[in-house]
Amino acid sequence: MKVLGIETSCDETAASVVDDQLHVHSSVIESSLDEHRAFGGVVPELAGRAHVMMISSVVERALVEAGLDPHNPAIDAIAVTSGPGLIGSLLVGLAAAKGYALAWGKPFVGVHHLEGHLFAPLLEMPNLPWPMLTLLVSGGHSMLVLQSGPGSHEILGETIDDAAGEAYDKVARWLGLGYPGGPEIDKLAQRGNAKTLQLPKSMTGEGYDLSFSGLKTAVVRATEKQGDLAVEDVAASFQGAVAEQLLRKVRQALEKNEVKALSLAGGVAANSALRQGISKLAEEFGIPALLPSMQMCTDNAAMIAAAGIYRFQHQGASHMNLSANPNWQLVDVS
Ligand code: KG4
Ligand code: ZN
């Protein structure tokens, strides 16, 4: 079975062909990020317009790179992100998927964007033991997910305020760094002293929920009070505090649940402190760690095709009247 995946939930316009052995035949990603930088965040109107301009050529390239006829491809289905995300962006991908489905006479299936992120590590390391614990951290979401198998997920905890990536972006903006802030802070942090700021520990209780808003405010207060701090030291202190909280919750979850593999997903999975910490924890607990490549951490369509294959095989195709759901919750995917 071969599936064309389409992803347009935020600023990446992506298409990919993946087969049911989770082999990626092509993966094309275009981003409108450069258009958003000056605004310090993704501008929905600009993102939607960019998807409209790029979607056909991105899909065509993905089909050609997979060795398929772009006018009548030998695929079995089309998988498309139908939520959550920016409504105008989601609608472009969904309309395109429906159009291709009608034109080529193929079924299509709507996919939850975060379920896509959960499938991303499997594309690079397919035969892993289950259950698996995944720390899913992106610009829009942060959660700890226990998966008993592919497509079967229980959310142990999630952020009660900002997502980890969102906190990175806000702190970077405060420090006068560019957008997105995560990669910039990560780079600076490697040259700084993490002990410079005494930041509060968040969410010290038993549960698995996360919180980053207080940390962001603490950084703002500390730098307001002491104006001569080196940006590297502030970055290192903030990064240390974010990683401390996330890794503490992962450790708690590993201690309380029978887990055979540990994985990291979402844009913040590119973070160096988190990657090192997750590797160390996996080693300590004697289980494999899945650290996806940078291309698999950020939004891509291969992960959407992979999740789509699972959904199509287990639930069949979506109906033509499926609409985009910008607030679709992962717990509502069944
Ligand atoms: O998953 P993603 O590409 O888009 C969403 O679905 O949100 O994640 C983007 C987020 C941004 O907030 C960005 O600042 C953050 O991931 N990010 C990082 C790093 N690289 C990207 N955060 C921390 N460290 C990084 N190295
Ligand atoms: Zn994402």
# chains A, B, ... in the order shown; residues from 1 in each chain; ligands from 1

call {"tool": "residues_near_ligand", "arguments": {"ligand": "ligand 1", "cutoff": "7 Å", "atoms": "only C-alpha atoms and all ligand atoms", "output": "PDB file with all heavy atoms, in the first residue's frame"}}
result
ATOM      1  N   CYS A  10       0.477  24.465   9.598  1.00  0.00           N
ATOM      2  CA  CYS A  10       1.084  25.710  10.094  1.00  0.00           C
ATOM      3  C   CYS A  10       1.815  26.402   8.947  1.00  0.00           C
ATOM      4  O   CYS A  10       1.184  26.837   7.991  1.00  0.00           O
ATOM      5  CB  CYS A  10       1.971  25.398  11.295  1.00  0.00           C
ATOM      6  SG  CYS A  10       2.480  26.858  12.192  1.00  0.00           S
ATOM      7  N   SER A 138       6.280  20.701  21.002  1.00  0.00           N
ATOM      8  CA  SER A 138       6.345  21.513  19.778  1.00  0.00           C
ATOM      9  C   SER A 138       6.004  22.961  20.122  1.00  0.00           C
ATOM     10  O   SER A 138       5.923  23.335  21.297  1.00  0.00           O
ATOM     11  CB  SER A 138       5.386  20.954  18.742  1.00  0.00           C
ATOM     12  OG  SER A 138       4.066  21.234  19.111  1.00  0.00           O
ATOM     13  N   GLY A 139       5.794  23.760  19.074  1.00  0.00           N
ATOM     14  CA  GLY A 139       5.450  25.158  19.304  1.00  0.00           C
ATOM     15  C   GLY A 139       4.023  25.326  19.813  1.00  0.00           C
ATOM     16  O   GLY A 139       3.698  26.308  20.459  1.00  0.00           O
ATOM     17  N   GLY A 140       3.183  24.344  19.544  1.00  0.00           N
ATOM     18  CA  GLY A 140       1.774  24.455  19.935  1.00  0.00           C
ATOM     19  C   GLY A 140       1.358  23.490  21.031  1.00  0.00           C
ATOM     20  O   GLY A 140       0.312  23.679  21.657  1.00  0.00           O
ATOM     21  N   HIS A 141       2.143  22.437  21.287  1.00  0.00           N
ATOM     22  CA  HIS A 141       1.740  21.410  22.247  1.00  0.00           C
ATOM     23  C   HIS A 141       2.934  20.883  23.029  1.00  0.00           C
ATOM     24  O   HIS A 141       4.048  20.877  22.522  1.00  0.00           O
ATOM     25  CB  HIS A 141       1.094  20.222  21.521  1.00  0.00           C
ATOM     26  CG  HIS A 141      -0.116  20.604  20.743  1.00  0.00           C
ATOM     27  ND1 HIS A 141      -0.032  21.086  19.461  1.00  0.00           N
ATOM     28  CD2 HIS A 141      -1.418  20.635  21.089  1.00  0.00           C
ATOM     29  CE1 HIS A 141      -1.249  21.388  19.033  1.00  0.00           C
ATOM     30  NE2 HIS A 141      -2.109  21.124  20.000  1.00  0.00           N
ATOM     31  N   GLY A 165       7.851  24.983  23.121  1.00  0.00           N
ATOM     32  CA  GLY A 165       8.370  25.779  21.995  1.00  0.00           C
ATOM     33  C   GLY A 165       7.884  27.223  22.053  1.00  0.00           C
ATOM     34  O   GLY A 165       8.627  28.153  21.728  1.00  0.00           O
ATOM     35  N   GLU A 166       6.647  27.378  22.492  1.00  0.00           N
ATOM     36  CA  GLU A 166       6.058  28.722  22.626  1.00  0.00           C
ATOM     37  C   GLU A 166       6.847  29.528  23.670  1.00  0.00           C
ATOM     38  O   GLU A 166       7.146  30.716  23.468  1.00  0.00           O
ATOM     39  CB  GLU A 166       4.609  28.530  23.087  1.00  0.00           C
ATOM     40  CG  GLU A 166       3.749  29.748  23.106  1.00  0.00           C
ATOM     41  CD  GLU A 166       2.346  29.393  23.638  1.00  0.00           C
ATOM     42  OE1 GLU A 166       2.046  28.212  23.905  1.00  0.00           O
ATOM     43  OE2 GLU A 166       1.566  30.353  23.812  1.00  0.00           O
ATOM     44  N   TYR A 168       9.990  29.030  24.506  1.00  0.00           N
ATOM     45  CA  TYR A 168      11.275  29.342  23.863  1.00  0.00           C
ATOM     46  C   TYR A 168      11.131  30.577  22.967  1.00  0.00           C
ATOM     47  O   TYR A 168      11.961  31.489  22.995  1.00  0.00           O
ATOM     48  CB  TYR A 168      11.755  28.158  23.012  1.00  0.00           C
ATOM     49  CG  TYR A 168      12.762  27.269  23.718  1.00  0.00           C
ATOM     50  CD1 TYR A 168      12.363  26.113  24.374  1.00  0.00           C
ATOM     51  CD2 TYR A 168      14.106  27.592  23.725  1.00  0.00           C
ATOM     52  CE1 TYR A 168      13.286  25.303  25.014  1.00  0.00           C
ATOM     53  CE2 TYR A 168      15.041  26.790  24.357  1.00  0.00           C
ATOM     54  CZ  TYR A 168      14.626  25.647  25.005  1.00  0.00           C
ATOM     55  OH  TYR A 168      15.542  24.860  25.646  1.00  0.00           O
ATOM     56  N   ASP A 169      10.055  30.581  22.163  1.00  0.00           N
ATOM     57  CA  ASP A 169       9.863  31.691  21.220  1.00  0.00           C
ATOM     58  C   ASP A 169       9.612  33.007  21.958  1.00  0.00           C
ATOM     59  O   ASP A 169      10.109  34.061  21.541  1.00  0.00           O
ATOM     60  CB  ASP A 169       8.695  31.374  20.261  1.00  0.00           C
ATOM     61  CG  ASP A 169       9.011  30.190  19.360  1.00  0.00           C
ATOM     62  OD1 ASP A 169      10.202  29.914  19.140  1.00  0.00           O
ATOM     63  OD2 ASP A 169       8.069  29.529  18.885  1.00  0.00           O
ATOM     64  N   PRO A 180      12.175  31.453  14.560  1.00  0.00           N
ATOM     65  CA  PRO A 180      11.797  30.867  15.837  1.00  0.00           C
ATOM     66  C   PRO A 180      12.929  30.903  16.854  1.00  0.00           C
ATOM     67  O   PRO A 180      14.100  30.802  16.495  1.00  0.00           O
ATOM     68  CB  PRO A 180      11.432  29.423  15.454  1.00  0.00           C
ATOM     69  CG  PRO A 180      12.227  29.136  14.229  1.00  0.00           C
ATOM     70  CD  PRO A 180      12.396  30.445  13.504  1.00  0.00           C
ATOM     71  N   GLY A 181      12.557  31.026  18.114  1.00  0.00           N
ATOM     72  CA  GLY A 181      13.549  31.259  19.158  1.00  0.00           C
ATOM     73  C   GLY A 181      14.285  30.024  19.634  1.00  0.00           C
ATOM     74  O   GLY A 181      15.419  30.132  20.133  1.00  0.00           O
ATOM     75  N   GLY A 182      13.667  28.854  19.475  1.00  0.00           N
ATOM     76  CA  GLY A 182      14.262  27.627  20.006  1.00  0.00           C
ATOM     77  C   GLY A 182      15.689  27.383  19.534  1.00  0.00           C
ATOM     78  O   GLY A 182      16.612  27.257  20.364  1.00  0.00           O
ATOM     79  N   PRO A 183      15.907  27.350  18.218  1.00  0.00           N
ATOM     80  CA  PRO A 183      17.267  27.069  17.738  1.00  0.00           C
ATOM     81  C   PRO A 183      18.283  28.122  18.204  1.00  0.00           C
ATOM     82  O   PRO A 183      19.422  27.790  18.531  1.00  0.00           O
ATOM     83  CB  PRO A 183      17.117  27.104  16.208  1.00  0.00           C
ATOM     84  CG  PRO A 183      15.659  26.895  15.942  1.00  0.00           C
ATOM     85  CD  PRO A 183      14.927  27.434  17.127  1.00  0.00           C
ATOM     86  N   ILE A 185      18.183  30.079  21.002  1.00  0.00           N
ATOM     87  CA  ILE A 185      18.473  29.918  22.437  1.00  0.00           C
ATOM     88  C   ILE A 185      19.348  28.681  22.649  1.00  0.00           C
ATOM     89  O   ILE A 185      20.311  28.700  23.423  1.00  0.00           O
ATOM     90  CB  ILE A 185      17.163  29.838  23.258  1.00  0.00           C
ATOM     91  CG1 ILE A 185      16.442  31.193  23.218  1.00  0.00           C
ATOM     92  CG2 ILE A 185      17.442  29.401  24.702  1.00  0.00           C
ATOM     93  CD1 ILE A 185      15.257  31.325  24.135  1.00  0.00           C
ATOM     94  N   ASP A 186      19.023  27.612  21.939  1.00  0.00           N
ATOM     95  CA  ASP A 186      19.780  26.363  22.064  1.00  0.00           C
ATOM     96  C   ASP A 186      21.267  26.600  21.741  1.00  0.00           C
ATOM     97  O   ASP A 186      22.168  26.162  22.468  1.00  0.00           O
ATOM     98  CB  ASP A 186      19.170  25.327  21.098  1.00  0.00           C
ATOM     99  CG  ASP A 186      19.654  23.911  21.366  1.00  0.00           C
ATOM    100  OD1 ASP A 186      20.391  23.706  22.344  1.00  0.00           O
ATOM    101  OD2 ASP A 186      19.294  23.000  20.590  1.00  0.00           O
ATOM    102  N   GLY A 266       8.251  16.164  17.828  1.00  0.00           N
ATOM    103  CA  GLY A 266       7.866  17.574  17.756  1.00  0.00           C
ATOM    104  C   GLY A 266       9.085  18.457  17.546  1.00  0.00           C
ATOM    105  O   GLY A 266      10.225  18.024  17.703  1.00  0.00           O
ATOM    106  N   GLY A 267       8.840  19.722  17.176  1.00  0.00           N
ATOM    107  CA  GLY A 267       9.925  20.644  16.841  1.00  0.00           C
ATOM    108  C   GLY A 267      10.977  20.817  17.928  1.00  0.00           C
ATOM    109  O   GLY A 267      12.179  20.930  17.641  1.00  0.00           O
ATOM    110  N   VAL A 268      10.565  20.808  19.213  1.00  0.00           N
ATOM    111  CA  VAL A 268      11.516  21.012  20.319  1.00  0.00           C
ATOM    112  C   VAL A 268      12.396  19.769  20.524  1.00  0.00           C
ATOM    113  O   VAL A 268      13.393  19.813  21.242  1.00  0.00           O
ATOM    114  CB  VAL A 268      10.767  21.430  21.610  1.00  0.00           C
ATOM    115  CG1 VAL A 268      11.716  21.765  22.739  1.00  0.00           C
ATOM    116  CG2 VAL A 268       9.866  22.635  21.336  1.00  0.00           C
ATOM    117  N   ALA A 269      12.044  18.659  19.852  1.00  0.00           N
ATOM    118  CA  ALA A 269      12.878  17.448  19.918  1.00  0.00           C
ATOM    119  C   ALA A 269      14.244  17.694  19.287  1.00  0.00           C
ATOM    120  O   ALA A 269      15.163  16.889  19.443  1.00  0.00           O
ATOM    121  CB  ALA A 269      12.180  16.288  19.224  1.00  0.00           C
ATOM    122  N   ALA A 270      14.393  18.823  18.589  1.00  0.00           N
ATOM    123  CA  ALA A 270      15.698  19.181  18.025  1.00  0.00           C
ATOM    124  C   ALA A 270      16.628  19.733  19.106  1.00  0.00           C
ATOM    125  O   ALA A 270      17.826  19.899  18.873  1.00  0.00           O
ATOM    126  CB  ALA A 270      15.508  20.230  16.931  1.00  0.00           C
ATOM    127  N   ASN A 271      16.092  20.004  20.283  1.00  0.00           N
ATOM    128  CA  ASN A 271      16.878  20.660  21.345  1.00  0.00           C
ATOM    129  C   ASN A 271      18.012  19.770  21.873  1.00  0.00           C
ATOM    130  O   ASN A 271      17.791  18.620  22.247  1.00  0.00           O
ATOM    131  CB  ASN A 271      15.936  21.048  22.487  1.00  0.00           C
ATOM    132  CG  ASN A 271      16.639  21.843  23.552  1.00  0.00           C
ATOM    133  OD1 ASN A 271      17.043  21.303  24.562  1.00  0.00           O
ATOM    134  ND2 ASN A 271      16.832  23.114  23.307  1.00  0.00           N
ATOM    135  N   SER A 272      19.218  20.343  21.944  1.00  0.00           N
ATOM    136  CA  SER A 272      20.391  19.541  22.300  1.00  0.00           C
ATOM    137  C   SER A 272      20.330  19.029  23.744  1.00  0.00           C
ATOM    138  O   SER A 272      20.670  17.873  24.001  1.00  0.00           O
ATOM    139  CB  SER A 272      21.666  20.346  22.062  1.00  0.00           C
ATOM    140  OG  SER A 272      21.647  21.507  22.856  1.00  0.00           O
ATOM    141  N   CYS A 297      11.732  15.768  13.167  1.00  0.00           N
ATOM    142  CA  CYS A 297      11.262  16.494  14.361  1.00  0.00           C
ATOM    143  C   CYS A 297      10.237  17.546  13.953  1.00  0.00           C
ATOM    144  O   CYS A 297       9.193  17.693  14.580  1.00  0.00           O
ATOM    145  CB  CYS A 297      12.418  17.222  15.059  1.00  0.00           C
ATOM    146  SG  CYS A 297      13.583  16.126  15.838  1.00  0.00           S
ATOM    147  N   THR A 298      10.553  18.309  12.900  1.00  0.00           N
ATOM    148  CA  THR A 298       9.651  19.397  12.510  1.00  0.00           C
ATOM    149  C   THR A 298       8.541  18.864  11.607  1.00  0.00           C
ATOM    150  O   THR A 298       8.553  17.710  11.205  1.00  0.00           O
ATOM    151  CB  THR A 298      10.428  20.513  11.790  1.00  0.00           C
ATOM    152  OG1 THR A 298      11.247  19.906  10.821  1.00  0.00           O
ATOM    153  CG2 THR A 298      11.281  21.306  12.743  1.00  0.00           C
ATOM    154  N   ASP A 299       7.592  19.738  11.295  1.00  0.00           N
ATOM    155  CA  ASP A 299       6.432  19.307  10.533  1.00  0.00           C
ATOM    156  C   ASP A 299       6.826  18.769   9.155  1.00  0.00           C
ATOM    157  O   ASP A 299       7.605  19.401   8.435  1.00  0.00           O
ATOM    158  CB  ASP A 299       5.455  20.478  10.374  1.00  0.00           C
ATOM    159  CG  ASP A 299       4.808  20.834  11.703  1.00  0.00           C
ATOM    160  OD1 ASP A 299       4.935  20.040  12.662  1.00  0.00           O
ATOM    161  OD2 ASP A 299       4.156  21.891  11.780  1.00  0.00           O
TER     162      ASP A 299
END

call {"tool": "residues_near_ligand", "arguments": {"ligand": "ligand 2", "cutoff": "12 Å", "atoms": "only C-alpha atoms and all ligand atoms", "output": "CSV table (one decimal) with N, CA, C and O atoms, in the first residue's frame"}}
result
chain,number,residue,atom,x,y,z
A,7,GLU,N,0.6,17.8,4.3
A,7,GLU,CA,0.6,18.5,5.6
A,7,GLU,C,0.6,20.0,5.4
A,7,GLU,O,1.5,20.5,4.7
A,8,THR,N,-0.4,20.8,5.9
A,8,THR,CA,-0.4,22.2,5.8
A,8,THR,C,-1.0,22.9,7.0
A,8,THR,O,-1.7,23.9,6.9
A,9,SER,N,-0.7,22.3,8.2
A,9,SER,CA,-1.4,22.8,9.4
A,9,SER,C,-0.8,24.2,9.9
A,9,SER,O,-1.5,24.9,10.6
A,10,CYS,N,0.5,24.5,9.6
A,10,CYS,CA,1.1,25.7,10.1
A,10,CYS,C,1.8,26.4,8.9
A,10,CYS,O,1.2,26.8,8.0
A,11,ASP,N,3.1,26.5,9.0
A,11,ASP,CA,3.8,27.3,8.0
A,11,ASP,C,4.6,26.3,7.0
A,11,ASP,O,5.2,26.8,6.0
A,12,GLU,N,4.5,25.0,7.2
A,12,GLU,CA,5.2,24.1,6.2
A,12,GLU,C,4.1,23.6,5.2
A,12,GLU,O,3.1,23.1,5.7
A,13,THR,N,4.5,23.6,3.9
A,13,THR,CA,3.7,23.0,2.9
A,13,THR,C,4.4,21.7,2.6
A,13,THR,O,5.5,21.8,2.1
A,14,ALA,N,3.9,20.5,2.9
A,14,ALA,CA,4.6,19.3,2.7
A,14,ALA,C,3.8,18.2,2.1
A,14,ALA,O,2.6,18.1,2.3
A,81,THR,N,-3.6,16.2,6.9
A,81,THR,CA,-3.8,16.8,8.3
A,81,THR,C,-5.1,17.5,8.2
A,81,THR,O,-5.3,18.5,7.5
A,83,GLY,N,-6.5,18.6,11.3
A,83,GLY,CA,-6.5,19.4,12.5
A,83,GLY,C,-5.5,18.8,13.5
A,83,GLY,O,-5.0,17.7,13.2
A,84,PRO,N,-5.2,19.4,14.6
A,84,PRO,CA,-5.4,20.9,14.8
A,84,PRO,C,-4.4,21.7,14.0
A,84,PRO,O,-3.5,21.2,13.5
A,85,GLY,N,-4.6,23.0,14.0
A,85,GLY,CA,-3.7,23.9,13.3
A,85,GLY,C,-4.4,25.2,13.0
A,85,GLY,O,-5.5,25.5,13.5
A,86,LEU,N,-3.8,26.0,12.1
A,86,LEU,CA,-4.5,27.2,11.6
A,86,LEU,C,-5.6,26.9,10.6
A,86,LEU,O,-5.3,26.2,9.6
A,112,HIS,N,-4.9,13.4,12.5
A,112,HIS,CA,-4.6,14.4,13.6
A,112,HIS,C,-3.1,14.7,13.5
A,112,HIS,O,-2.3,13.8,13.5
A,113,HIS,N,-2.8,16.0,13.5
A,113,HIS,CA,-1.4,16.4,13.4
A,113,HIS,C,-0.5,15.8,14.4
A,113,HIS,O,0.6,15.4,14.1
A,114,LEU,N,-1.0,15.7,15.7
A,114,LEU,CA,-0.1,15.2,16.7
A,114,LEU,C,0.1,13.7,16.6
A,114,LEU,O,1.1,13.1,17.0
A,115,GLU,N,-1.0,13.0,16.1
A,115,GLU,CA,-0.8,11.6,15.9
A,115,GLU,C,0.3,11.4,14.8
A,115,GLU,O,1.1,10.4,14.9
A,116,GLY,N,0.4,12.3,13.9
A,116,GLY,CA,1.4,12.3,12.9
A,116,GLY,C,2.8,12.4,13.6
A,116,GLY,O,3.7,11.6,13.4
A,117,HIS,N,2.9,13.4,14.5
A,117,HIS,CA,4.2,13.5,15.2
A,117,HIS,C,4.6,12.2,16.0
A,117,HIS,O,5.7,11.9,16.1
A,118,LEU,N,3.5,11.5,16.5
A,118,LEU,CA,3.8,10.3,17.3
A,118,LEU,C,4.3,9.2,16.3
A,118,LEU,O,5.1,8.3,16.8
A,119,PHE,N,3.9,9.2,15.1
A,119,PHE,CA,4.4,8.2,14.1
A,119,PHE,C,5.8,8.6,13.6
A,119,PHE,O,6.5,7.7,13.0
A,120,ALA,N,6.2,9.8,13.7
A,120,ALA,CA,7.5,10.3,13.1
A,120,ALA,C,8.7,9.4,13.5
A,120,ALA,O,9.5,9.0,12.6
A,136,LEU,N,6.3,14.6,23.6
A,136,LEU,CA,5.9,15.3,22.4
A,136,LEU,C,5.9,16.8,22.7
A,136,LEU,O,5.1,17.3,23.4
A,137,VAL,N,6.9,17.5,22.2
A,137,VAL,CA,7.1,18.9,22.5
A,137,VAL,C,7.2,19.8,21.2
A,137,VAL,O,8.2,19.6,20.4
A,138,SER,N,6.3,20.7,21.0
A,138,SER,CA,6.3,21.5,19.8
A,138,SER,C,6.0,23.0,20.1
A,138,SER,O,5.9,23.3,21.3
A,139,GLY,N,5.8,23.8,19.1
A,139,GLY,CA,5.5,25.2,19.3
A,139,GLY,C,4.0,25.3,19.8
A,139,GLY,O,3.7,26.3,20.5
A,140,GLY,N,3.2,24.3,19.5
A,140,GLY,CA,1.8,24.5,19.9
A,140,GLY,C,1.4,23.5,21.0
A,140,GLY,O,0.3,23.7,21.7
A,141,HIS,N,2.1,22.4,21.3
A,141,HIS,CA,1.7,21.4,22.2
A,141,HIS,C,2.9,20.9,23.0
A,141,HIS,O,4.0,20.9,22.5
A,142,SER,N,2.7,20.4,24.2
A,142,SER,CA,3.7,19.7,25.0
A,142,SER,C,3.0,18.7,25.8
A,142,SER,O,2.1,19.0,26.7
A,163,ALA,N,3.1,26.0,25.5
A,163,ALA,CA,3.9,24.9,25.1
A,163,ALA,C,5.3,25.2,25.2
A,163,ALA,O,5.7,26.4,25.3
A,165,GLY,N,7.9,25.0,23.1
A,165,GLY,CA,8.4,25.8,22.0
A,165,GLY,C,7.9,27.2,22.1
A,165,GLY,O,8.6,28.2,21.7
A,265,ALA,N,9.5,13.7,20.2
A,265,ALA,CA,8.9,14.1,18.9
A,265,ALA,C,8.5,15.6,19.0
A,265,ALA,O,8.4,16.1,20.1
A,266,GLY,N,8.3,16.2,17.8
A,266,GLY,CA,7.9,17.6,17.8
A,266,GLY,C,9.1,18.5,17.5
A,266,GLY,O,10.2,18.0,17.7
A,267,GLY,N,8.8,19.7,17.2
A,267,GLY,CA,9.9,20.6,16.8
A,267,GLY,C,11.0,20.8,17.9
A,267,GLY,O,12.2,20.9,17.6
A,268,VAL,N,10.6,20.8,19.2
A,268,VAL,CA,11.5,21.0,20.3
A,268,VAL,C,12.4,19.8,20.5
A,268,VAL,O,13.4,19.8,21.2
A,269,ALA,N,12.0,18.7,19.9
A,269,ALA,CA,12.9,17.4,19.9
A,269,ALA,C,14.2,17.7,19.3
A,269,ALA,O,15.2,16.9,19.4
A,295,GLN,N,14.8,16.5,10.4
A,295,GLN,CA,13.7,16.6,9.4
A,295,GLN,C,12.4,15.9,9.9
A,295,GLN,O,11.3,16.4,9.6
A,296,MET,N,12.6,14.9,10.7
A,296,MET,CA,11.5,14.2,11.3
A,296,MET,C,10.9,14.9,12.5
A,296,MET,O,9.8,14.7,12.9
A,297,CYS,N,11.7,15.8,13.2
A,297,CYS,CA,11.3,16.5,14.4
A,297,CYS,C,10.2,17.5,14.0
A,297,CYS,O,9.2,17.7,14.6
A,298,THR,N,10.6,18.3,12.9
A,298,THR,CA,9.7,19.4,12.5
A,298,THR,C,8.5,18.9,11.6
A,298,THR,O,8.6,17.7,11.2
A,299,ASP,N,7.6,19.7,11.3
A,299,ASP,CA,6.4,19.3,10.5
A,299,ASP,C,6.8,18.8,9.2
A,299,ASP,O,7.6,19.4,8.4
A,300,ASN,N,6.3,17.6,8.8
A,300,ASN,CA,6.6,17.0,7.5
A,300,ASN,C,5.4,16.1,7.1
A,300,ASN,O,4.5,15.9,8.0
A,301,ALA,N,5.3,15.7,5.9
A,301,ALA,CA,4.1,14.9,5.5
A,301,ALA,C,4.3,13.4,5.5
A,301,ALA,O,3.3,12.7,5.5
A,303,MET,N,5.2,11.8,8.2
A,303,MET,CA,4.6,11.4,9.4
A,303,MET,C,3.0,11.3,9.3
A,303,MET,O,2.3,10.5,9.9
A,304,ILE,N,2.5,12.2,8.5
A,304,ILE,CA,1.0,12.3,8.2
A,304,ILE,C,0.6,11.1,7.4
A,304,ILE,O,-0.4,10.4,7.7

call {"tool": "closest_residue", "arguments": {"among": "A:Gly67, A:Gly93, A:Gly105, A:Gly88", "to": "Glu45 (chain A)", "atoms": "only C-alpha atoms"}}
result
A:Gly88

call {"tool": "residues_around", "arguments": {"residues": "Asp20 (chain A)", "least_positions_apart": "4", "cutoff": "7 Å", "atoms": "only C-alpha atoms", "output": "PyMOL selection string"}}
result
chain A and resi 1-2+309

call {"tool": "select_by_dssp", "arguments": {"residues": "region 113-280 of chain A", "states": "strand (DSSP E)", "output": "list in words"}}
result
Met132, Leu133, Thr134, Leu135, Leu136, Val137, Ser142, Met143, Leu144, Val145, Leu146, Gln147, Ser148, Gly149, Ser152, His153, Glu154, Ile155, Leu156, Gly157, Glu158, Ala261, Leu262, Ser263, Leu264 and Ala265 of chain A

call {"tool": "write_last_selection", "arguments": {"atoms": "N, CA and C atoms", "output": "tab-separated table (two decimals), in the first residue's frame"}}
result
chain	number	residue	atom	x	y	z
A	132	MET	N	5.61	2.31	24.51
A	132	MET	CA	6.60	3.36	24.33
A	132	MET	C	6.13	4.65	25.01
A	133	LEU	N	7.07	5.36	25.60
A	133	LEU	CA	6.75	6.66	26.19
A	133	LEU	C	7.30	7.73	25.25
A	134	THR	N	6.46	8.68	24.87
A	134	THR	CA	6.91	9.74	23.96
A	134	THR	C	6.74	11.10	24.60
A	135	LEU	N	7.81	11.87	24.59
A	135	LEU	CA	7.72	13.28	24.99
A	135	LEU	C	7.51	14.07	23.71
A	136	LEU	N	6.29	14.61	23.58
A	136	LEU	CA	5.92	15.33	22.36
A	136	LEU	C	5.91	16.83	22.67
A	137	VAL	N	6.91	17.52	22.15
A	137	VAL	CA	7.08	18.94	22.48
A	137	VAL	C	7.23	19.77	21.21
A	142	SER	N	2.68	20.43	24.24
A	142	SER	CA	3.70	19.74	25.03
A	142	SER	C	2.99	18.69	25.85
A	143	MET	N	3.32	17.45	25.65
A	143	MET	CA	2.65	16.37	26.38
A	143	MET	C	3.52	15.13	26.51
A	144	LEU	N	3.14	14.33	27.49
A	144	LEU	CA	3.81	13.06	27.72
A	144	LEU	C	2.79	11.98	27.37
A	145	VAL	N	3.14	11.13	26.40
A	145	VAL	CA	2.15	10.18	25.87
A	145	VAL	C	2.65	8.75	26.05
A	146	LEU	N	1.77	7.90	26.58
A	146	LEU	CA	2.09	6.49	26.73
A	146	LEU	C	1.38	5.75	25.60
A	147	GLN	N	2.16	5.04	24.76
A	147	GLN	CA	1.56	4.34	23.62
A	147	GLN	C	1.73	2.83	23.82
A	148	SER	N	0.61	2.10	23.83
A	148	SER	CA	0.73	0.64	23.98
A	148	SER	C	1.04	0.01	22.64
A	149	GLY	N	0.82	0.72	21.56
A	149	GLY	CA	1.14	0.25	20.20
A	149	GLY	C	0.92	1.42	19.27
A	152	SER	N	-2.27	3.84	19.42
A	152	SER	CA	-2.98	3.66	20.69
A	152	SER	C	-2.27	4.50	21.75
A	153	HIS	N	-2.87	5.62	22.09
A	153	HIS	CA	-2.15	6.57	22.94
A	153	HIS	C	-2.96	7.06	24.13
A	154	GLU	N	-2.25	7.20	25.26
A	154	GLU	CA	-2.86	7.73	26.48
A	154	GLU	C	-2.03	8.94	26.88
A	155	ILE	N	-2.70	10.10	27.04
A	155	ILE	CA	-1.95	11.30	27.43
A	155	ILE	C	-1.79	11.28	28.95
A	156	LEU	N	-0.54	11.15	29.41
A	156	LEU	CA	-0.29	11.12	30.86
A	156	LEU	C	-0.39	12.52	31.44
A	157	GLY	N	0.09	13.50	30.70
A	157	GLY	CA	0.04	14.89	31.17
A	157	GLY	C	0.34	15.83	30.03
A	158	GLU	N	-0.08	17.08	30.19
A	158	GLU	CA	0.22	18.08	29.13
A	158	GLU	C	0.36	19.45	29.76
A	261	ALA	N	10.42	1.46	25.37
A	261	ALA	CA	11.19	2.37	24.51
A	261	ALA	C	10.79	3.81	24.85
A	262	LEU	N	11.72	4.72	24.60
A	262	LEU	CA	11.49	6.13	24.92
A	262	LEU	C	11.72	6.95	23.66
A	263	SER	N	10.77	7.82	23.33
A	263	SER	CA	10.99	8.62	22.13
A	263	SER	C	10.66	10.09	22.35
A	264	LEU	N	11.19	10.88	21.43
A	264	LEU	CA	11.08	12.33	21.50
A	264	LEU	C	10.48	12.76	20.16
A	265	ALA	N	9.50	13.66	20.19
A	265	ALA	CA	8.87	14.09	18.92
A	265	ALA	C	8.49	15.56	18.99

call {"tool": "closest_residue", "arguments": {"among": "A:Val3, A:Ala74, A:Leu128, A:Ala253", "to": "Ala289 (chain A)", "atoms": "only C-alpha atoms"}}
result
A:Leu128

call {"tool": "closest_residue", "arguments": {"among": "A:Met54, A:Ala103, A:Val234, A:Ala189", "to": "Ala273 (chain A)", "atoms": "only C-alpha atoms"}}
result
A:Ala189

call {"tool": "closest_residue", "arguments": {"among": "A:Val109, A:Leu94, A:Val171, A:Leu4", "to": "Gln315 (chain A)", "atoms": "only C-alpha atoms"}}
result
A:Val109

call {"tool": "closest_residue", "arguments": {"among": "A:Asp209, A:Asp332, A:Asp19, A:Glu30", "to": "Leu123 (chain A)", "atoms": "only C-alpha atoms"}}
result
A:Asp19

call {"tool": "atom_distance", "arguments": {"atom1": "CA of Gly41 (chain A)", "atom2": "CA of Gly178 (chain A)"}}
result
9.6 Å
